[in-house]
Structure formats: structure tokens, C-alpha cells
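Colleague: Here it is, the structure in full.
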Amino acid sequence: YSYESIESIIKFILSRTSQRPEIGIICGTGMGGLADILYEKESFPYKEIPDFPVSTVPGHLGFLVFGKLNGTQVICMQGRFHVYEGYSVWKCVMPIRVMKLIGVRVLIITNAAGSVNQNFSVGDIMLIKDHINFSGLGSNNPLRGKNDDRWGPRFSPMSDAYDLRLRQLVRTIAKKLDLDKYLKEGVYCMIGGPSYETVSEIQLLKLLGADAVGMSTAHEVIAARHCAIRVIGISLITNSCVMKHDSEEMPANHEEVMEVGNLHKKDLEKLVTEIIMNIDTV
Ligand SMILES: O=P(O)(O)O[C@@H]1C[C@H](O)[C@@H](CO)O1
Ligand SMILES: Nc1nc2[nH]cnc2c(=O)[nH]1
């Protein structure tokens, strides 16, 4: 997508809504309900937006939702694009550039993830402090190819990808909401998927310093930071990864992932609502 092609997508969308949000949300698997916290909603099915990919994964509805929360305008991706769906990594992150041109300054990225850290429990919320972009370390990076300086520089730092002050805000809010017992902080590792990890792969990720593993987010964060959008990353721990060979534990499965997403919907809604209401303070 050239800069100009994103501009023409923007033209299509903005001619159909007067909302101009500065805060974006990406809903993880089973967390599409996050859009329910908005009112005065205007929803655009991805399939009706020119040049937009479509959602193919259960638990990702496929709507771009504009709406308000306590007077603050928000744009929400009810469904994200994964590389394993067959989309190129640059295509998966295209909506982030759309958000940039709409005026988004802060992006709250949520995902469902398996726990690698054995101190984490299903239902915990992991505030992402860093990521390991497993597939991106080779060359599957969303910024690969000719750089357009209108988005950002050729070489983008990532050592400060997950905004420190916003993380402090999330911690404070979690405490206030009495969610701090569920709040963990850690490193998210993105793998390509769609197969879940083998036991040996989980052991490897543990050695590398990963606390949770999933199939999204890192590429989105890279695209967001490249165009100077500040990022909050939140993983809902939906399953404990099997750490030992020949164990009787239940293998990871997408039904469980979606179910846990649904079960902890209210906690996430409360947290995200309060974050949005206080974002201007940092
Ligand atoms: O879109 P997210 O990262 O929340 O979804 C995770 C990764 C896979 O898409 C799916 C596996 O169950 O959940
Ligand atoms: N790769 C990966 N993605 C997930 N998404 C939700 N749970 C998992 C998991 O265990 N592994």
C-alpha cells in the first residue's frame, strides 16, 4: 500500500463519519466485545472498505468501529489480520497506518496469549513491556521494502516500543480497579502460527525470556512505533502452555482461547475504559 492508497481509504472512511478519534483499540481473539463499551457507534464492515483485507479467524468479527467513551472518540478494530491467514505482514499492519492518518496518537493493542511464565494463571492480564518478534528477526518485518519517510524513518528504534508512562498509568488504574492481583508484566513473543508450539519450542521461548506467546501484536507495534503512535500492549492469558513432554495437560486449542476471552471480557472492558478516560493525563 502506497501512502496515496492509504489516503484514498481514509477518504472513503472519513466521508462516512464525522468522528476523528485520537485513540485506537485492536481487539484480540474473543475480545471483540471491547467495542461494546462505545456509544454513538458507527461500524464499517471490512469487506465494504476498499482495499481492506477481511477477517477469516473465529473470534475476529471484521468491523472498523468508531464510537465514543465518556466523550472521547475512539476507533476500534473488531478483528485483526494475522500472517498465518495468508496475508503479507505489511498487509496485516495496513489498518494501523489508516489509524495514523485518521489522527490516532495512542493505540491499545490487545491479544490472547499462552503463558510461558509458570507464575502466570489463566485469566491474568499481562501488560506487555517488550516483545520478541520471532518471525521478524529473520526478515518478515512489516517495514521491509522501500521506506516512505512520510510514515517514519528507515531505521526505527524499538527499545522503547511499549510506552513507559502509559504502562505506569495502566498499573495505577489496575490497582484502583482492584485488578492488580491479575496484572502481570512481561515479554510477549510473537510466532507465526497457526500451529501452537511444541513443548520444546515453549522451553526455548522460556530460555529466551518470553513470558507469553501469541501470533500477533509485534508487527502491529512495529508499524505503530514507525509512525510515532504510542502503544499500550495487553495480553489476556487464555491458556497455560504445556511445558513438559508426555504431560497429561490439555493441549492449547482455539475454543478455550475464545472462551477465556469471553469470560474475562468485563475485566478488560473496565481496564480499557479507565485507561481511555485517563490517557490525557500522561
Ligand atoms: O489475535 P490474537 O493474537 O488475540 O489471537 C491469538 C493468536 C491466534 O490468532 C489465536 C490462537 O488461538 O489467538
Ligand atoms: N502461539 C500461541 N498463540 C496463542 N494464542 C492464545 N494462546 C496461544 C498459545 O498458546 N500460543
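Order determines the names: the first chain of the C-alpha cells is A, the second B, and so forth; residues in each chain are numbered 1 upward, and ligands are numbered 1 upward as they are shown.
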Write out as number ranges by chain each polymer residue (protein, DNA or RNA) that has an atom no more than 10 Å from ligand 1, with only C-alpha atoms and all ligand atoms counted.
Modeller: A: 26-32, 57-60, 79-85, 109-114, 190-196, 213-218, 234-239, 252-258, 261
Colleague: If DSSP is run on the backbone, what residues of range 149-220 of chain A are helix (DSSP H, G or I)? A reply as a list of chain:residue names would be ideal.
Modeller: A:Leu164, A:Arg165, A:Leu166, A:Arg167, A:Gln168, A:Leu169, A:Val170, A:Arg171, A:Thr172, A:Ile173, A:Ala174, A:Lys175, A:Lys176, A:Val199, A:Ser200, A:Glu201, A:Ile202, A:Gln203, A:Leu204, A:Leu205, A:Lys206, A:Leu207, A:Leu208, A:Ala218, A:His219, A:Glu220
Colleague: Can you write out the residues you just picked, keeping N, CA and C atoms, as a PDB file, in the first residue's frame?
Modeller:
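That gives us part-v6.pdb:
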ATOM      1  N   LEU A 164       6.581   3.713  28.540  1.00  0.00           N
ATOM      2  CA  LEU A 164       6.798   3.583  29.978  1.00  0.00           C
ATOM      3  C   LEU A 164       5.733   4.314  30.799  1.00  0.00           C
ATOM      4  N   ARG A 165       5.443   5.565  30.394  1.00  0.00           N
ATOM      5  CA  ARG A 165       4.480   6.344  31.186  1.00  0.00           C
ATOM      6  C   ARG A 165       3.070   5.743  31.072  1.00  0.00           C
ATOM      7  N   LEU A 166       2.738   5.228  29.909  1.00  0.00           N
ATOM      8  CA  LEU A 166       1.417   4.595  29.748  1.00  0.00           C
ATOM      9  C   LEU A 166       1.342   3.303  30.561  1.00  0.00           C
ATOM     10  N   ARG A 167       2.476   2.605  30.658  1.00  0.00           N
ATOM     11  CA  ARG A 167       2.473   1.385  31.481  1.00  0.00           C
ATOM     12  C   ARG A 167       2.267   1.733  32.954  1.00  0.00           C
ATOM     13  N   GLN A 168       2.889   2.820  33.362  1.00  0.00           N
ATOM     14  CA  GLN A 168       2.692   3.242  34.760  1.00  0.00           C
ATOM     15  C   GLN A 168       1.224   3.570  35.004  1.00  0.00           C
ATOM     16  N   LEU A 169       0.616   4.214  34.002  1.00  0.00           N
ATOM     17  CA  LEU A 169      -0.808   4.550  34.126  1.00  0.00           C
ATOM     18  C   LEU A 169      -1.649   3.272  34.268  1.00  0.00           C
ATOM     19  N   VAL A 170      -1.355   2.270  33.447  1.00  0.00           N
ATOM     20  CA  VAL A 170      -2.139   1.022  33.499  1.00  0.00           C
ATOM     21  C   VAL A 170      -1.995   0.359  34.872  1.00  0.00           C
ATOM     22  N   ARG A 171      -0.778   0.382  35.405  1.00  0.00           N
ATOM     23  CA  ARG A 171      -0.568  -0.224  36.731  1.00  0.00           C
ATOM     24  C   ARG A 171      -1.396   0.492  37.793  1.00  0.00           C
ATOM     25  N   THR A 172      -1.373   1.825  37.737  1.00  0.00           N
ATOM     26  CA  THR A 172      -2.133   2.613  38.719  1.00  0.00           C
ATOM     27  C   THR A 172      -3.625   2.315  38.598  1.00  0.00           C
ATOM     28  N   ILE A 173      -4.099   2.243  37.366  1.00  0.00           N
ATOM     29  CA  ILE A 173      -5.527   2.009  37.137  1.00  0.00           C
ATOM     30  C   ILE A 173      -5.916   0.611  37.618  1.00  0.00           C
ATOM     31  N   ALA A 174      -5.064  -0.373  37.334  1.00  0.00           N
ATOM     32  CA  ALA A 174      -5.369  -1.753  37.744  1.00  0.00           C
ATOM     33  C   ALA A 174      -5.528  -1.820  39.263  1.00  0.00           C
ATOM     34  N   LYS A 175      -4.681  -1.074  39.958  1.00  0.00           N
ATOM     35  CA  LYS A 175      -4.747  -1.041  41.416  1.00  0.00           C
ATOM     36  C   LYS A 175      -6.084  -0.448  41.863  1.00  0.00           C
ATOM     37  N   LYS A 176      -6.408   0.677  41.255  1.00  0.00           N
ATOM     38  CA  LYS A 176      -7.646   1.380  41.595  1.00  0.00           C
ATOM     39  C   LYS A 176      -8.870   0.479  41.360  1.00  0.00           C
ATOM     40  N   VAL A 199       6.324 -28.636  22.868  1.00  0.00           N
ATOM     41  CA  VAL A 199       6.869 -28.489  24.224  1.00  0.00           C
ATOM     42  C   VAL A 199       8.296 -27.930  24.148  1.00  0.00           C
ATOM     43  N   SER A 200       9.091 -28.452  23.210  1.00  0.00           N
ATOM     44  CA  SER A 200      10.475 -27.974  23.101  1.00  0.00           C
ATOM     45  C   SER A 200      10.523 -26.512  22.681  1.00  0.00           C
ATOM     46  N   GLU A 201       9.588 -26.113  21.832  1.00  0.00           N
ATOM     47  CA  GLU A 201       9.558 -24.695  21.424  1.00  0.00           C
ATOM     48  C   GLU A 201       9.224 -23.797  22.614  1.00  0.00           C
ATOM     49  N   ILE A 202       8.295 -24.250  23.451  1.00  0.00           N
ATOM     50  CA  ILE A 202       7.949 -23.459  24.642  1.00  0.00           C
ATOM     51  C   ILE A 202       9.165 -23.358  25.566  1.00  0.00           C
ATOM     52  N   GLN A 203       9.877 -24.469  25.713  1.00  0.00           N
ATOM     53  CA  GLN A 203      11.082 -24.443  26.559  1.00  0.00           C
ATOM     54  C   GLN A 203      12.110 -23.459  25.992  1.00  0.00           C
ATOM     55  N   LEU A 204      12.210 -23.435  24.666  1.00  0.00           N
ATOM     56  CA  LEU A 204      13.129 -22.498  24.010  1.00  0.00           C
ATOM     57  C   LEU A 204      12.712 -21.046  24.279  1.00  0.00           C
ATOM     58  N   LEU A 205      11.409 -20.781  24.116  1.00  0.00           N
ATOM     59  CA  LEU A 205      10.921 -19.410  24.327  1.00  0.00           C
ATOM     60  C   LEU A 205      11.150 -18.970  25.767  1.00  0.00           C
ATOM     61  N   LYS A 206      11.025 -19.929  26.686  1.00  0.00           N
ATOM     62  CA  LYS A 206      11.270 -19.620  28.099  1.00  0.00           C
ATOM     63  C   LYS A 206      12.738 -19.208  28.288  1.00  0.00           C
ATOM     64  N   LEU A 207      13.611 -19.983  27.685  1.00  0.00           N
ATOM     65  CA  LEU A 207      15.054 -19.666  27.773  1.00  0.00           C
ATOM     66  C   LEU A 207      15.351 -18.274  27.213  1.00  0.00           C
ATOM     67  N   LEU A 208      14.591 -17.905  26.196  1.00  0.00           N
ATOM     68  CA  LEU A 208      14.814 -16.609  25.533  1.00  0.00           C
ATOM     69  C   LEU A 208      14.281 -15.438  26.353  1.00  0.00           C
ATOM     70  N   ALA A 218       3.277  -8.022  17.625  1.00  0.00           N
ATOM     71  CA  ALA A 218       4.603  -7.430  17.440  1.00  0.00           C
ATOM     72  C   ALA A 218       4.688  -6.631  16.134  1.00  0.00           C
ATOM     73  N   HIS A 219       4.146  -7.200  15.064  1.00  0.00           N
ATOM     74  CA  HIS A 219       4.208  -6.489  13.768  1.00  0.00           C
ATOM     75  C   HIS A 219       3.386  -5.194  13.818  1.00  0.00           C
ATOM     76  N   GLU A 220       2.276  -5.238  14.568  1.00  0.00           N
ATOM     77  CA  GLU A 220       1.428  -4.039  14.680  1.00  0.00           C
ATOM     78  C   GLU A 220       2.154  -2.946  15.472  1.00  0.00           C
TER      79      GLU A 220
END
Colleague: Find the residues near Ile13 in chain A: any atom within 12 Å, counting only C-alpha atoms, skip ones fewer than 4 places away on the same chain, and give them as a list in words.
Modeller: Ile6, Glu7, Ser8, Ile9, Thr17, Ser18, Gln19, Arg20, Glu42, Ser43, Phe44, Pro45, Tyr46, Glu48, Ile49, Pro50, Asp51, Phe52, Leu64, Val65, Phe66, Ile75, Pro95, Val98, Met99, Leu101 and Ile102 of chain A
Colleague: Using DSSP on the backbone, list every residue of range 125-181 of chain A that comes out as strand (DSSP E), and give them as an MDAnalysis selection string.
Modeller: chainID A and resid 125:133
Colleague: What would the file look like if the residues just selected were written as a short mmCIF file (atom, residue, chain, number, x, y, z; two decimals), in the first residue's frame with N, CA and C atoms?
Modeller:
data_model
loop_
_atom_site.label_atom_id
_atom_site.label_comp_id
_atom_site.auth_asym_id
_atom_site.auth_seq_id
_atom_site.Cartn_x
_atom_site.Cartn_y
_atom_site.Cartn_z
N ILE A 125 -3.88 -10.76 33.31
CA ILE A 125 -3.71 -9.76 32.26
C ILE A 125 -2.23 -9.37 32.27
N MET A 126 -1.56 -9.60 31.15
CA MET A 126 -0.13 -9.25 31.12
C MET A 126 0.06 -7.95 30.35
N LEU A 127 0.57 -6.97 31.08
CA LEU A 127 0.94 -5.71 30.45
C LEU A 127 2.26 -5.98 29.72
N ILE A 128 2.28 -5.73 28.43
CA ILE A 128 3.48 -6.07 27.65
C ILE A 128 4.55 -5.00 27.86
N LYS A 129 5.74 -5.43 28.31
CA LYS A 129 6.81 -4.44 28.47
C LYS A 129 7.80 -4.51 27.30
N ASP A 130 7.74 -5.62 26.56
CA ASP A 130 8.66 -5.78 25.43
C ASP A 130 8.18 -6.97 24.61
N HIS A 131 8.71 -7.07 23.40
CA HIS A 131 8.36 -8.26 22.62
C HIS A 131 9.59 -8.91 21.99
N ILE A 132 9.41 -10.16 21.63
CA ILE A 132 10.38 -10.85 20.77
C ILE A 132 9.59 -11.18 19.51
N ASN A 133 10.03 -10.59 18.40
CA ASN A 133 9.32 -10.78 17.14
C ASN A 133 9.99 -11.92 16.40
#
Colleague: Which residue out of A:Ala212, A:Ala228, A:Val106, A:Leu137 has the minimum interatomic distance to ligand 2 when only C-alpha atoms and all ligand atoms are used?
Modeller: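 Comparing A:Ala212, A:Ala228, A:Val106, A:Leu137 against ligand 2, the winner is A:Ala212.
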Colleague: Kindly indicate which residue among A:Ile276, A:Ile222, A:Val116, A:Ile229 lies nearest to ligand 2, using only C-alpha atoms and all ligand atoms for the distances.
Modeller: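 For ligand 2, the nearest of the given residues is A:Val116.
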Colleague: Of the candidates A:Ala35, A:Cys227, A:Glu40, A:Glu4, which one gets nearest to Gly62 in chain A if we count only C-alpha atoms?
Modeller: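 Checking each candidate against Gly62 in chain A, we get A:Ala35 as the closest.
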Colleague: Nearest to ligand 2: which of A:Gly103, A:Gly145, A:Gly123, A:Gly71 is it, counting only C-alpha atoms and all ligand atoms?
Modeller: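 Of the candidates, the smallest distance to ligand 2 is held by A:Gly123.
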Colleague: Can you tell me, as a list in words, what residues are no more than 6 Å from range 72-74 of chain A when counting only C-alpha atoms, ignoring any on the same chain fewer than 4 positions away?
Modeller: Pro21, Ile23, Gly24, Phe66, Gly67 and Lys68 of chain A
Colleague: For each of A:Tyr162, A:Phe134, A:Tyr39, A:Tyr3, take the minimum atom-to-atom distance to ligand 2, counting only C-alpha atoms and all ligand atoms, then give the residue where this is smallest.
Modeller: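 For ligand 2, the nearest of the given residues is A:Phe134.
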Colleague: Would you please work out which residue, of A:Asn70, A:Ser247, A:Ser240, A:Asn141, is nearest to ligand 2 when using only C-alpha atoms and all ligand atoms?
Modeller: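 Of A:Asn70, A:Ser247, A:Ser240, A:Asn141, the one nearest ligand 2 is A:Ser240, counting only C-alpha atoms and all ligand atoms.
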Colleague: Would you mind reading off the distance between CA of Asp36 in chain A and CA of Glu259 in chain A, one decimal, in Å?
Modeller: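 Between these atoms lies a distance of 17.3 Å.
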